[in-house]
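model-v3.cif follows (mmCIF, C-alpha atoms):
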```cif
data_coords
loop_
_atom_site.label_atom_id
_atom_site.label_comp_id
_atom_site.auth_asym_id
_atom_site.auth_seq_id
_atom_site.Cartn_x
_atom_site.Cartn_y
_atom_site.Cartn_z
CA MET A 1 82.19 -19.06 45.78
CA SER A 2 81.54 -19.19 42.06
CA GLY A 3 83.27 -21.79 39.95
CA LYS A 4 84.71 -19.10 37.67
CA ARG A 5 87.84 -18.92 39.75
CA PHE A 6 87.71 -22.27 41.50
CA ALA A 7 91.49 -22.64 41.14
CA VAL A 8 92.31 -19.34 42.78
CA ILE A 9 91.57 -19.09 46.47
CA PHE A 10 92.98 -15.68 47.29
CA VAL A 11 90.09 -13.71 45.78
CA GLY A 12 87.68 -15.46 48.13
CA ALA A 13 90.05 -14.85 51.02
CA LEU A 14 90.24 -11.21 50.03
CA ALA A 15 86.45 -10.97 50.08
CA LEU A 16 86.39 -12.33 53.64
CA ALA A 17 89.26 -10.18 54.84
CA SER A 18 88.00 -7.01 53.25
CA CYS A 19 85.26 -5.18 55.09
CA ARG A 20 86.39 -2.14 53.12
CA GLY A 21 86.26 -1.27 49.43
CA GLY A 22 89.42 -1.93 47.50
CA ASP A 23 90.48 1.69 47.81
CA GLY A 24 90.12 1.91 51.57
CA ALA A 25 86.69 3.51 51.77
CA ALA A 26 84.76 2.30 54.81
CA PRO A 27 81.26 1.09 53.92
CA GLN A 28 78.47 3.53 54.77
CA GLU A 29 74.71 3.40 54.70
CA GLY A 30 73.28 4.92 51.54
CA ALA A 31 69.79 5.33 50.05
CA GLY A 32 67.18 2.82 51.27
CA GLY A 33 69.55 1.34 53.85
CA ILE A 34 71.87 0.02 51.13
CA LYS A 35 75.53 -0.37 52.10
CA VAL A 36 77.89 1.61 49.80
CA ASP A 37 81.59 2.41 49.53
CA VAL A 38 83.48 3.57 46.42
CA GLY A 39 81.81 5.36 43.48
CA VAL A 40 78.35 5.72 45.04
CA THR A 41 77.11 9.09 46.37
CA LYS A 42 73.99 10.41 48.08
CA GLU A 43 74.24 13.43 45.77
CA ALA A 44 72.46 13.17 42.43
CA CYS A 45 74.31 12.41 39.19
CA PRO A 46 75.42 15.48 37.18
CA ASN A 47 72.64 14.99 34.60
CA ALA A 48 70.07 13.36 36.87
CA VAL A 49 66.53 12.60 35.73
CA ASP A 50 65.44 12.64 39.40
CA LYS A 51 67.53 14.90 41.63
CA SER A 52 66.28 13.11 44.77
CA LYS A 53 68.20 9.94 43.86
CA GLY A 54 71.86 9.20 44.61
CA CYS A 55 74.44 8.35 41.96
CA ILE A 56 76.39 5.25 40.98
CA TYR A 57 79.46 6.19 38.95
CA LEU A 58 80.75 3.69 36.38
CA GLY A 59 84.00 4.09 34.45
CA THR A 60 84.74 3.65 30.75
CA ILE A 61 88.17 3.01 29.22
CA SER A 62 88.02 2.70 25.44
CA ASP A 63 89.87 3.26 22.15
CA LEU A 64 88.45 6.69 21.32
CA THR A 65 90.90 8.57 19.10
CA GLU A 66 93.76 6.83 17.32
CA GLY A 67 93.88 3.09 18.05
CA PRO A 68 92.90 0.34 15.57
CA PHE A 69 89.39 -0.18 17.01
CA LYS A 70 88.18 3.43 17.30
CA THR A 71 85.51 2.90 14.60
CA LEU A 72 83.98 0.28 16.89
CA ALA A 73 84.87 1.83 20.23
CA VAL A 74 83.17 5.21 19.78
CA PRO A 75 79.80 3.58 18.97
CA ILE A 76 80.29 1.07 21.82
CA THR A 77 80.76 3.98 24.23
CA ASP A 78 77.84 6.00 22.84
CA ALA A 79 75.55 2.95 23.04
CA GLN A 80 76.42 2.42 26.69
CA LYS A 81 75.62 6.04 27.49
CA ALA A 82 72.23 5.50 25.84
CA PHE A 83 71.73 2.15 27.62
CA TRP A 84 72.24 3.62 31.08
CA LYS A 85 70.14 6.69 30.24
CA ARG A 86 67.29 4.27 29.50
CA VAL A 87 67.90 2.62 32.90
CA ASN A 88 67.72 6.07 34.56
CA ASP A 89 64.59 7.02 32.60
CA LYS A 90 62.96 3.85 33.94
CA GLY A 91 63.76 4.78 37.56
CA GLY A 92 67.38 3.76 38.02
CA ILE A 93 68.50 0.98 40.37
CA GLY A 94 67.80 0.80 44.12
CA GLY A 95 67.24 4.52 44.63
CA TYR A 96 70.22 5.48 42.48
CA GLU A 97 70.79 6.66 38.94
CA ILE A 98 73.83 5.64 36.91
CA ASP A 99 76.47 8.01 35.52
CA VAL A 100 78.71 6.76 32.69
CA THR A 101 79.75 10.16 31.34
CA LYS A 102 82.00 11.67 34.02
CA TYR A 103 84.77 9.04 34.01
CA VAL A 104 85.45 8.22 30.35
CA LYS A 105 89.08 7.67 29.31
CA ASP A 106 90.93 6.93 26.05
CA ASN A 107 93.36 4.00 26.06
CA LYS A 108 94.56 4.41 22.42
CA TYR A 109 94.60 0.58 22.52
CA ASN A 110 97.82 0.72 24.53
CA PRO A 111 98.14 -1.40 27.72
CA GLN A 112 100.36 1.16 29.50
CA ILE A 113 97.96 4.04 28.76
CA HIS A 114 95.03 1.83 29.75
CA ASN A 115 96.59 1.19 33.16
CA GLN A 116 97.52 4.84 33.60
CA VAL A 117 93.99 6.18 32.96
CA TYR A 118 92.49 3.36 35.04
CA GLN A 119 94.59 4.52 38.00
CA GLU A 120 93.23 8.05 37.47
CA ILE A 121 89.57 7.00 37.81
CA LYS A 122 89.57 3.84 39.93
CA GLY A 123 89.04 5.69 43.22
CA ASN A 124 85.88 7.34 41.85
CA VAL A 125 83.91 4.49 40.29
CA LEU A 126 82.07 1.46 41.63
CA ALA A 127 82.69 -0.64 38.51
CA LEU A 128 83.76 -0.34 34.87
CA THR A 129 80.97 -0.45 32.31
CA GLN A 130 83.65 -0.81 29.64
CA THR A 131 87.30 -1.84 29.49
CA LEU A 132 88.15 -2.19 25.81
CA GLY A 133 90.62 -4.74 24.51
CA SER A 134 92.04 -8.03 25.74
CA PRO A 135 95.74 -7.10 26.22
CA THR A 136 94.76 -3.69 27.61
CA THR A 137 92.35 -5.15 30.16
CA ALA A 138 94.94 -7.79 31.10
CA ALA A 139 97.17 -4.87 32.18
CA ILE A 140 94.71 -3.90 34.93
CA LEU A 141 93.42 -7.35 35.83
CA PRO A 142 95.50 -7.85 39.01
CA ASP A 143 94.24 -4.52 40.33
CA LEU A 144 90.63 -5.29 39.37
CA GLU A 145 90.92 -8.48 41.42
CA ASN A 146 92.65 -6.73 44.30
CA THR A 147 90.02 -4.01 44.54
CA GLN A 148 87.13 -6.37 43.68
CA MET A 149 86.10 -4.06 40.86
CA VAL A 150 83.61 -5.76 38.56
CA SER A 151 84.25 -4.81 34.94
CA VAL A 152 82.62 -5.27 31.55
CA PRO A 153 85.11 -6.13 28.81
CA ALA A 154 84.78 -4.84 25.25
CA SER A 155 86.46 -8.02 24.01
CA TRP A 156 85.73 -11.73 23.91
CA THR A 157 88.91 -13.55 24.99
CA SER A 158 88.37 -16.96 26.63
CA LEU A 159 90.39 -15.71 29.62
CA TRP A 160 87.28 -13.90 30.86
CA GLY A 161 85.56 -17.22 31.55
CA PHE A 162 88.04 -17.72 34.40
CA GLU A 163 88.00 -14.19 35.80
CA GLU A 164 85.36 -13.59 38.41
CA VAL A 165 85.55 -9.79 38.25
CA VAL A 166 84.94 -9.76 34.48
CA LEU A 167 81.37 -9.91 33.12
CA GLU A 168 81.65 -11.26 29.58
CA SER A 169 78.68 -11.66 27.22
CA GLY A 170 78.36 -13.81 24.12
CA THR A 171 80.79 -16.46 23.05
CA ASN A 172 84.57 -16.00 23.11
CA TYR A 173 86.98 -15.71 20.15
CA CYS A 174 88.10 -19.31 20.67
CA VAL A 175 84.62 -20.84 20.41
CA GLU A 176 83.63 -18.39 17.66
CA SER A 177 86.56 -19.66 15.59
CA MET A 178 85.78 -23.31 16.36
CA ASN A 179 82.25 -22.72 15.06
CA THR A 180 83.65 -20.90 12.02
CA VAL A 181 85.83 -23.87 11.05
CA ASP A 182 83.00 -26.36 11.60
CA TYR A 183 80.69 -24.20 9.47
CA ALA A 184 83.32 -23.92 6.72
CA VAL A 185 83.84 -27.70 6.66
CA GLU A 186 80.14 -28.47 6.48
CA LYS A 187 78.92 -25.67 4.21
CA LEU A 188 82.00 -24.79 2.14
CA GLY A 189 83.87 -28.12 2.08
CA VAL A 190 87.20 -26.67 3.25
CA LYS A 191 90.15 -28.99 3.88
CA SER A 192 92.89 -26.54 4.91
CA VAL A 193 92.81 -23.64 7.40
CA MET A 194 95.12 -20.73 8.13
CA ALA A 195 94.73 -18.37 11.09
CA VAL A 196 96.00 -14.85 10.32
CA HIS A 197 95.89 -12.82 13.50
CA LEU A 198 97.30 -10.11 15.72
CA ALA A 199 99.56 -11.25 18.55
CA GLY A 200 98.19 -11.27 22.11
CA ASP A 201 95.13 -12.90 23.50
CA TYR A 202 92.72 -11.36 20.95
CA GLY A 203 94.34 -12.97 17.94
CA ASP A 204 95.96 -15.89 19.75
CA ASP A 205 92.63 -16.94 21.26
CA ALA A 206 90.89 -17.04 17.87
CA ALA A 207 93.85 -18.90 16.33
CA ALA A 208 93.72 -21.45 19.14
CA GLY A 209 90.04 -22.14 18.47
CA ALA A 210 90.70 -22.50 14.73
CA ARG A 211 93.56 -24.92 15.42
CA ILE A 212 91.50 -27.03 17.85
CA ALA A 213 88.68 -27.36 15.31
CA ALA A 214 91.04 -28.01 12.38
CA GLU A 215 92.75 -30.82 14.31
CA LYS A 216 89.42 -32.33 15.35
CA ARG A 217 88.16 -32.25 11.73
CA GLY A 218 91.42 -33.61 10.30
CA LEU A 219 92.32 -30.46 8.36
CA SER A 220 95.78 -29.03 7.74
CA PHE A 221 96.44 -25.89 9.80
CA GLU A 222 98.83 -22.93 9.46
CA ASN A 223 99.35 -20.17 12.00
CA VAL A 224 100.42 -16.68 10.83
CA THR A 225 100.92 -13.77 13.26
CA THR A 226 100.80 -10.20 11.98
CA GLN A 227 100.86 -6.75 13.61
CA THR A 228 98.50 -3.86 13.27
CA GLY A 229 99.12 -1.28 10.54
CA GLN A 230 98.34 -1.22 6.80
CA ASP A 231 102.03 -1.36 5.91
CA ASN A 232 102.68 -4.40 8.09
CA GLN A 233 100.56 -6.96 6.24
CA GLY A 234 103.03 -8.07 3.55
CA GLY A 235 104.08 -11.23 5.37
CA ALA A 236 100.48 -12.28 6.02
CA ILE A 237 99.50 -11.64 2.40
CA ASP A 238 102.52 -13.63 1.15
CA ALA A 239 101.55 -16.54 3.41
CA VAL A 240 97.95 -16.58 2.19
CA VAL A 241 98.94 -16.35 -1.48
CA SER A 242 101.73 -18.95 -1.30
CA LYS A 243 99.98 -21.55 0.89
CA LYS A 244 96.51 -21.10 -0.66
CA PRO A 245 94.47 -22.38 2.32
CA ASP A 246 90.78 -23.06 1.63
CA LEU A 247 89.89 -20.92 4.67
CA VAL A 248 91.61 -18.00 6.38
CA VAL A 249 90.29 -17.21 9.87
CA LEU A 250 91.11 -13.50 10.14
CA THR A 251 91.53 -11.76 13.53
CA THR A 252 92.76 -8.18 13.03
CA GLY A 253 91.33 -4.67 12.98
CA PRO A 254 89.08 -3.69 10.04
CA THR A 255 91.69 -1.66 8.14
CA ASP A 256 94.23 -4.49 8.28
CA ALA A 257 91.55 -6.94 7.16
CA ALA A 258 90.78 -4.84 4.07
CA VAL A 259 94.47 -4.73 3.10
CA ILE A 260 94.94 -8.48 3.54
CA ILE A 261 91.76 -9.49 1.69
CA GLY A 262 92.17 -6.93 -1.11
CA GLN A 263 95.82 -7.64 -1.84
CA ALA A 264 95.54 -11.42 -1.51
CA ALA A 265 92.65 -11.37 -3.99
CA ALA A 266 94.63 -9.12 -6.35
CA ARG A 267 97.39 -11.73 -6.32
CA GLY A 268 95.02 -14.53 -7.25
CA TYR A 269 93.85 -15.99 -3.93
CA LYS A 270 90.39 -17.56 -4.37
CA GLY A 271 89.69 -19.18 -0.97
CA LYS A 272 87.43 -17.89 1.81
CA PHE A 273 88.12 -15.44 4.62
CA ILE A 274 85.94 -15.55 7.73
CA GLY A 275 86.67 -12.72 10.16
CA THR A 276 86.11 -12.77 13.91
CA SER A 277 83.72 -10.04 14.98
CA PRO A 278 86.11 -7.06 15.52
CA THR A 279 87.52 -7.37 11.97
CA TRP A 280 84.32 -5.92 10.53
CA ASN A 281 83.26 -2.36 9.94
CA PRO A 282 80.62 -1.32 7.37
CA GLY A 283 83.15 1.17 5.96
CA LEU A 284 84.96 -1.82 4.40
CA LEU A 285 82.27 -1.91 1.71
CA LYS A 286 83.36 1.58 0.64
CA SER A 287 87.06 0.68 0.58
CA PRO A 288 89.09 -0.28 -2.51
CA ALA A 289 88.94 -3.88 -1.22
CA ALA A 290 85.10 -3.96 -1.42
CA PRO A 291 84.85 -6.22 -4.53
CA ALA A 292 87.26 -8.74 -2.98
CA ILE A 293 85.43 -8.59 0.37
CA LYS A 294 82.07 -9.27 -1.29
CA ALA A 295 83.54 -12.18 -3.23
CA LEU A 296 85.67 -13.86 -0.57
CA TYR A 297 84.61 -12.75 2.92
CA LEU A 298 82.16 -13.92 5.59
CA GLN A 299 81.78 -12.44 9.08
CA SER A 300 81.34 -14.44 12.29
CA ALA A 301 79.50 -12.79 15.16
CA PRO A 302 78.63 -13.33 18.84
CA TRP A 303 75.10 -11.86 18.48
CA LYS A 304 72.72 -10.50 15.86
CA ALA A 305 73.25 -7.26 13.96
CA TRP A 306 71.71 -3.80 14.43
CA ALA A 307 68.54 -4.31 12.34
CA THR A 308 67.38 -7.48 14.15
CA GLU A 309 63.86 -7.54 15.59
CA SER A 310 64.10 -8.22 19.33
CA VAL A 311 63.01 -6.23 22.38
CA GLY A 312 66.63 -5.25 23.08
CA HIS A 313 67.50 -4.33 19.49
CA THR A 314 64.32 -2.26 19.20
CA ALA A 315 65.07 -0.43 22.46
CA MET A 316 68.65 0.22 21.31
CA ARG A 317 67.55 1.73 17.98
CA ALA A 318 64.97 3.91 19.77
CA ALA A 319 67.65 5.12 22.21
CA LEU A 320 70.05 6.02 19.39
CA PRO A 321 67.97 7.97 16.87
CA GLY A 322 69.73 9.41 13.86
CA VAL A 323 73.01 7.49 14.17
CA THR A 324 74.61 5.73 11.24
CA PRO A 325 74.04 2.03 12.05
CA ASN A 326 77.16 0.24 13.29
CA ASP A 327 77.38 -3.00 15.25
CA GLY A 328 79.68 -1.27 17.69
CA TYR A 329 76.40 0.15 19.04
CA THR A 330 74.95 -3.36 19.22
CA ALA A 331 77.99 -4.67 21.11
CA GLY A 332 78.04 -1.80 23.61
CA TRP A 333 74.35 -2.25 24.35
CA VAL A 334 74.53 -6.04 24.79
CA TRP A 335 77.60 -5.87 27.04
CA ALA A 336 75.85 -3.56 29.52
CA TYR A 337 73.06 -5.99 30.44
CA ALA A 338 75.22 -8.20 32.68
CA LEU A 339 76.39 -5.27 34.83
CA LYS A 340 72.81 -3.98 35.07
CA ALA A 341 71.76 -7.43 36.35
CA ALA A 342 74.63 -7.46 38.87
CA LEU A 343 73.78 -3.97 40.17
CA GLU A 344 70.09 -4.88 40.48
CA LYS A 345 70.97 -8.04 42.43
CA ALA A 346 73.39 -6.09 44.66
CA ALA A 347 70.71 -3.46 45.37
CA GLN A 348 68.24 -6.24 46.28
CA ASN A 349 70.92 -7.58 48.64
CA LYS A 350 71.24 -4.07 50.15
CA ASP A 351 74.98 -4.03 49.34
CA LEU A 352 76.25 -1.75 46.57
CA THR A 353 79.85 -1.94 47.76
CA ARG A 354 82.45 -3.42 45.41
CA ALA A 355 82.44 -6.64 47.44
CA GLY A 356 78.64 -6.59 47.32
CA VAL A 357 78.52 -6.27 43.53
CA LEU A 358 81.02 -9.14 43.22
CA ALA A 359 78.89 -11.25 45.56
CA ALA A 360 75.86 -10.43 43.39
CA VAL A 361 77.73 -11.58 40.26
CA ARG A 362 78.27 -14.97 41.91
CA GLN A 363 74.48 -15.29 42.29
CA LEU A 364 73.66 -14.66 38.61
CA SER A 365 72.71 -17.88 36.82
CA SER A 366 71.26 -16.00 33.83
CA VAL A 367 70.91 -12.47 32.49
CA ASP A 368 67.88 -11.03 30.67
CA TYR A 369 69.36 -9.73 27.41
CA GLU A 370 65.87 -8.81 26.14
CA GLY A 371 66.21 -11.30 23.28
CA MET A 372 69.64 -10.11 22.06
CA LEU A 373 71.19 -13.36 23.30
CA PRO A 374 69.35 -16.67 23.75
CA SER A 375 68.15 -17.78 27.18
CA GLY A 376 70.92 -19.44 29.19
CA ALA A 377 73.42 -16.68 28.39
CA GLY A 378 74.94 -14.80 31.30
CA ASN A 379 75.55 -17.60 33.81
CA PHE A 380 78.19 -16.31 36.24
CA SER A 381 77.48 -18.75 39.07
CA ALA A 382 78.65 -21.97 37.40
CA SER A 383 82.07 -23.39 36.54
CA PRO A 384 83.73 -22.11 33.34
CA GLN A 385 82.87 -25.40 31.60
CA ASP A 386 79.17 -25.16 32.47
CA ALA A 387 78.85 -21.39 32.08
CA LEU A 388 80.55 -21.15 28.66
CA PHE A 389 78.15 -19.79 26.02
CA ARG A 390 78.95 -21.72 22.83
CA GLN A 391 76.74 -20.23 20.11
CA SER A 392 77.76 -17.85 17.32
CA LEU A 393 76.45 -16.70 13.92
CA ILE A 394 77.69 -16.18 10.35
CA TYR A 395 76.97 -13.11 8.20
CA ARG A 396 77.87 -12.12 4.64
CA PRO A 397 78.67 -8.65 3.25
CA ASP A 398 75.63 -6.88 1.83
CA ASP A 399 75.55 -3.27 0.60
CA ALA A 400 71.83 -3.05 1.31
CA ALA A 401 72.07 -4.05 4.99
CA PRO A 402 72.25 -1.27 7.62
CA THR A 403 75.60 -2.45 9.00
CA GLY A 404 76.81 -4.01 5.76
CA VAL A 405 76.09 -7.64 6.66
CA THR A 406 73.15 -10.05 6.25
CA LEU A 407 72.54 -13.19 8.31
CA VAL A 408 73.60 -16.48 6.70
CA GLU A 409 73.61 -18.85 9.70
CA ASP A 410 71.59 -18.20 12.87
CA PHE A 411 72.87 -19.03 16.39
CA PHE A 412 74.58 -22.43 16.23
CA THR A 413 77.09 -24.55 18.13
CA GLY A 414 79.46 -26.62 16.00
CA SER A 415 80.48 -30.14 16.97
CA THR A 416 83.95 -29.00 18.11
CA ALA A 417 82.62 -26.41 20.57
CA LYS A 418 79.85 -28.75 21.73
CA ASP A 419 82.39 -31.34 22.91
CA PHE A 420 85.08 -28.89 24.06
CA LYS A 421 86.31 -29.17 27.66
CA PHE A 422 86.88 -25.59 28.83
CA GLU A 423 89.59 -25.98 31.49
CA LYS A 424 91.87 -22.98 30.77
CA PRO A 425 92.04 -20.03 28.37
CA CYS A 426 92.43 -21.49 24.87
CA TYR A 427 95.60 -19.58 23.96
CA GLN A 428 97.56 -20.72 27.05
#
```
Can you dump the structure from the file as structure tokens?
Amino acid sequence: MSGKRFAVIFVGALALASCRGGDGAAPQEGAGGIKVDVGVTKEACPNAVDKSKGCIYLGTISDLTEGPFKTLAVPITDAQKAFWKRVNDKGGIGGYEIDVTKYVKDNKYNPQIHNQVYQEIKGNVLALTQTLGSPTTAAILPDLENTQMVSVPASWTSLWGFEEVVLESGTNYCVESMNTVDYAVEKLGVKSVMAVHLAGDYGDDAAAGARIAAEKRGLSFENVTTQTGQDNQGGAIDAVVSKKPDLVVLTTGPTDAAVIIGQAAARGYKGKFIGTSPTWNPGLLKSPAAPAIKALYLQSAPWKAWATESVGHTAMRAALPGVTPNDGYTAGWVWAYALKAALEKAAQNKDLTRAGVLAAVRQLSSVDYEGMLPSGAGNFSASPQDALFRQSLIYRPDDAAPTGVTLVEDFFTGSTAKDFKFEKPCYQ
């Protein structure tokens, strides 16, 4: 059993006890003698490239219409459709093609809605190619474990390092923020840090990493929680302006970030903001806050932006012709690699049941991200401490860049993250 959930025995017991898929489907023999149960059919996918192949259905639950991350979530979802189309165009996996279009649901970034739409599709899909949001995914986590449904998060909370059914990619918010503080100390000379963040394990995780690094570096630290909504940022802005920290680690949605940065600057704040990855959207450079953002803001990131030259980035751009560049596309594309690797391993093992895919995850010591993440990323077979990917990057706003940001600091691990003992989710 993988070290990812070494403290929790019941998942392993469930795997032994369950000769059925989590939704009661008895395993059957599918294409090429591969064992299948839920979400895999002998019939071709609705838009099959090769009608002689069967179909693996994957679900998507994202923030598609009115939640705070829709400007990221729609490109994430479109990129994953393009990613799996490329897989199908190259012959699919184990005699099957992949469908990610039939079971797509909107969570409106609401945990209750997320759980409701998950219940609607869970009996029809083998795995989730996307479950967007940390608090929203947490709402379905017990059921994911119960049904052994492997899922790809569209979030980076450190909780995922301890959840065997969750295939995270890139570093988590906690380590990203540790690296941000270390960078700000060494390159910007900061001596005081404030974390301004949404409640829940998105914002709390980033704030925890900022606090850990600030304490290690001997900096003063302030913690300020805010809630989403442009009209709800007054308290955060007051805190920034009155306390005047050298660095604000910002973990909100993009619209809230623009309000906080713009209004703090208008009231005389002259320190630096560094936002965790979901705070950014290129539209911020067209907002009234653009001058303040260019003057005061840097962007941390778990991987390189849209225009990067790598095999994966090049394939992504080719698969998404004519789109307005957005690093939501980059994120969606990168996240899909780990599930592709798990499905390929499961097909090699002749077991595309839910339990079979989970067993395949436990055998993955690395994932080929086609250069979008460094080698060593995607280790799901080791303990959380050994598997934790600790590198992140820093960007700065740039009107001329396709997604509004230009690289300042390539993949690096700060001294705090390098020495960090990863024994539980940071925010707990």
Step by step, work through what the PyMOL selection byres ((chain A and resi 415-424) around 7) selects in the shown file, and finish by giving those residues as a ChimeraX atom specification. /A:175,178-179,213,216,384-385,390,413-414,425-426
What is the distance, in Å and to one decimal place, between atom CA of A:Gly32 and atom CA of A:Ala355? 18.4 Å
Atom CA of A:Gln116 and atom CA of A:Thr147, how far apart in Å?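 Calculated distance between atom CA of A:Thr147 and atom CA of A:Gln116 is 15.9 Å.
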One decimal place gives the atom CA of A:Lys105-atom CA of A:Arg354 separation as 20.6 Å
Of the candidates A:Ala336, A:Asn223, A:Ala305, A:Asn146, which one gets nearest to A:Asp368 if we count only C-alpha atoms? A:Ala336
Hits of the PyMOL selection byres ((chain A and resi 192) around 6) in this structure, as a PyMOL selection string: chain A and resi 190-191+193+219-220+245-246
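Compared by their closest atoms to A:Pro402, and using all atoms listed in the file, the residues A:Val361, A:Val74, A:Val323, A:Ala347 rank with A:Val323 nearest.
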Given the file shown, enumerate the residues that the PyMOL selection byres ((chain A and resi 153) around 10) captures and present them as a PDB file with C-alpha atoms, in the coordinates of the input.
```pdb
ATOM      1  CA  THR A  60      84.740   3.650  30.750  1.00  0.00           C
ATOM      2  CA  ILE A  61      88.170   3.010  29.220  1.00  0.00           C
ATOM      3  CA  SER A  62      88.020   2.700  25.440  1.00  0.00           C
ATOM      4  CA  LEU A 128      83.760  -0.340  34.870  1.00  0.00           C
ATOM      5  CA  THR A 129      80.970  -0.450  32.310  1.00  0.00           C
ATOM      6  CA  GLN A 130      83.650  -0.810  29.640  1.00  0.00           C
ATOM      7  CA  THR A 131      87.300  -1.840  29.490  1.00  0.00           C
ATOM      8  CA  LEU A 132      88.150  -2.190  25.810  1.00  0.00           C
ATOM      9  CA  GLY A 133      90.620  -4.740  24.510  1.00  0.00           C
ATOM     10  CA  SER A 134      92.040  -8.030  25.740  1.00  0.00           C
ATOM     11  CA  THR A 137      92.350  -5.150  30.160  1.00  0.00           C
ATOM     12  CA  VAL A 150      83.610  -5.760  38.560  1.00  0.00           C
ATOM     13  CA  SER A 151      84.250  -4.810  34.940  1.00  0.00           C
ATOM     14  CA  VAL A 152      82.620  -5.270  31.550  1.00  0.00           C
ATOM     15  CA  ALA A 154      84.780  -4.840  25.250  1.00  0.00           C
ATOM     16  CA  SER A 155      86.460  -8.020  24.010  1.00  0.00           C
ATOM     17  CA  TRP A 156      85.730 -11.730  23.910  1.00  0.00           C
ATOM     18  CA  THR A 157      88.910 -13.550  24.990  1.00  0.00           C
ATOM     19  CA  TRP A 160      87.280 -13.900  30.860  1.00  0.00           C
ATOM     20  CA  VAL A 166      84.940  -9.760  34.480  1.00  0.00           C
ATOM     21  CA  LEU A 167      81.370  -9.910  33.120  1.00  0.00           C
ATOM     22  CA  GLU A 168      81.650 -11.260  29.580  1.00  0.00           C
ATOM     23  CA  SER A 169      78.680 -11.660  27.220  1.00  0.00           C
ATOM     24  CA  GLY A 332      78.040  -1.800  23.610  1.00  0.00           C
ATOM     25  CA  TRP A 335      77.600  -5.870  27.040  1.00  0.00           C
ATOM     26  CA  ALA A 336      75.850  -3.560  29.520  1.00  0.00           C
TER      27      ALA A 336
END
```
Do you know which residues are at most 12 Å from A:Ser52 counting only C-alpha atoms, after dropping those on the same chain fewer than 6 positions away, and could you put them as a ChimeraX atom specification? /A:31,41-45,91-92,95-97
Export C-alpha atoms of the chosen residues as a PDB file, in the frame of the given file?
```
ATOM      1  CA  ALA A  31      69.790   5.330  50.050  1.00  0.00           C
ATOM      2  CA  THR A  41      77.110   9.090  46.370  1.00  0.00           C
ATOM      3  CA  LYS A  42      73.990  10.410  48.080  1.00  0.00           C
ATOM      4  CA  GLU A  43      74.240  13.430  45.770  1.00  0.00           C
ATOM      5  CA  ALA A  44      72.460  13.170  42.430  1.00  0.00           C
ATOM      6  CA  CYS A  45      74.310  12.410  39.190  1.00  0.00           C
ATOM      7  CA  GLY A  91      63.760   4.780  37.560  1.00  0.00           C
ATOM      8  CA  GLY A  92      67.380   3.760  38.020  1.00  0.00           C
ATOM      9  CA  GLY A  95      67.240   4.520  44.630  1.00  0.00           C
ATOM     10  CA  TYR A  96      70.220   5.480  42.480  1.00  0.00           C
ATOM     11  CA  GLU A  97      70.790   6.660  38.940  1.00  0.00           C
TER      12      GLU A  97
END
```
Hey, what's within 7 Å of A:Thr225 if we count only C-alpha atoms and toss same-chain stuff fewer than 3 positions away? As a PDB file with C-alpha atoms, in the frame of the given file, please?
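To be explicit, this is the file written out as selection.pdb:
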```pdb
ATOM      1  CA  VAL A 196      96.000 -14.850  10.320  1.00  0.00           C
ATOM      2  CA  HIS A 197      95.890 -12.820  13.500  1.00  0.00           C
ATOM      3  CA  LEU A 198      97.300 -10.110  15.720  1.00  0.00           C
ATOM      4  CA  ALA A 199      99.560 -11.250  18.550  1.00  0.00           C
TER       5      ALA A 199
END
```
Show which residues sit within 7 Å of A:Met149, as an MDAnalysis selection string. Count only C-alpha atoms, and ignore same-chain residues fewer than 3 positions away. chainID A and resid 126:127 144:145 165 354
With only C-alpha atoms as the counted atoms, please give the residues lying no more than 8 Å from A:His114, apart from itself and same-chain residues fewer than 5 positions off, as a PDB file with C-alpha atoms, in the frame of the given file.
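The file below, out.pdb, is the result:
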```pdb
ATOM      1  CA  ILE A  61      88.170   3.010  29.220  1.00  0.00           C
ATOM      2  CA  ASP A 106      90.930   6.930  26.050  1.00  0.00           C
ATOM      3  CA  ASN A 107      93.360   4.000  26.060  1.00  0.00           C
ATOM      4  CA  LYS A 108      94.560   4.410  22.420  1.00  0.00           C
ATOM      5  CA  TYR A 109      94.600   0.580  22.520  1.00  0.00           C
ATOM      6  CA  THR A 136      94.760  -3.690  27.610  1.00  0.00           C
ATOM      7  CA  THR A 137      92.350  -5.150  30.160  1.00  0.00           C
ATOM      8  CA  ALA A 139      97.170  -4.870  32.180  1.00  0.00           C
ATOM      9  CA  ILE A 140      94.710  -3.900  34.930  1.00  0.00           C
TER      10      ILE A 140
END
```
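The closest residue to A:Ala138, picked from A:Asp201, A:Gly94, A:Gly123, A:Tyr183 and counting only C-alpha atoms, is A:Asp201.
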Using only C-alpha atoms, list the residues that have an atom at most 10 Å from (88.8, -5.8, -5.4), coordinates as in the file, as a list in words.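 Collected hits near the coordinates: Ala258, Ile261, Gly262, Gln263, Ala264, Ala265, Ala266, Ser287, Pro288, Ala289, Ala290, Pro291, Ala292, Ile293, Lys294, Ala295 and Leu296 of chain A.
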With all atoms listed in the file as the basis for distance, which of A:Val241, A:Ile274, A:Val249, A:Val49 is at the shortest distance from A:Gly209? A:Val249
Of the listed residues A:Tyr329, A:Lys286, A:Tyr173, A:Phe273, that which approaches A:Thr71 most closely, counting all atoms listed in the file: A:Tyr329
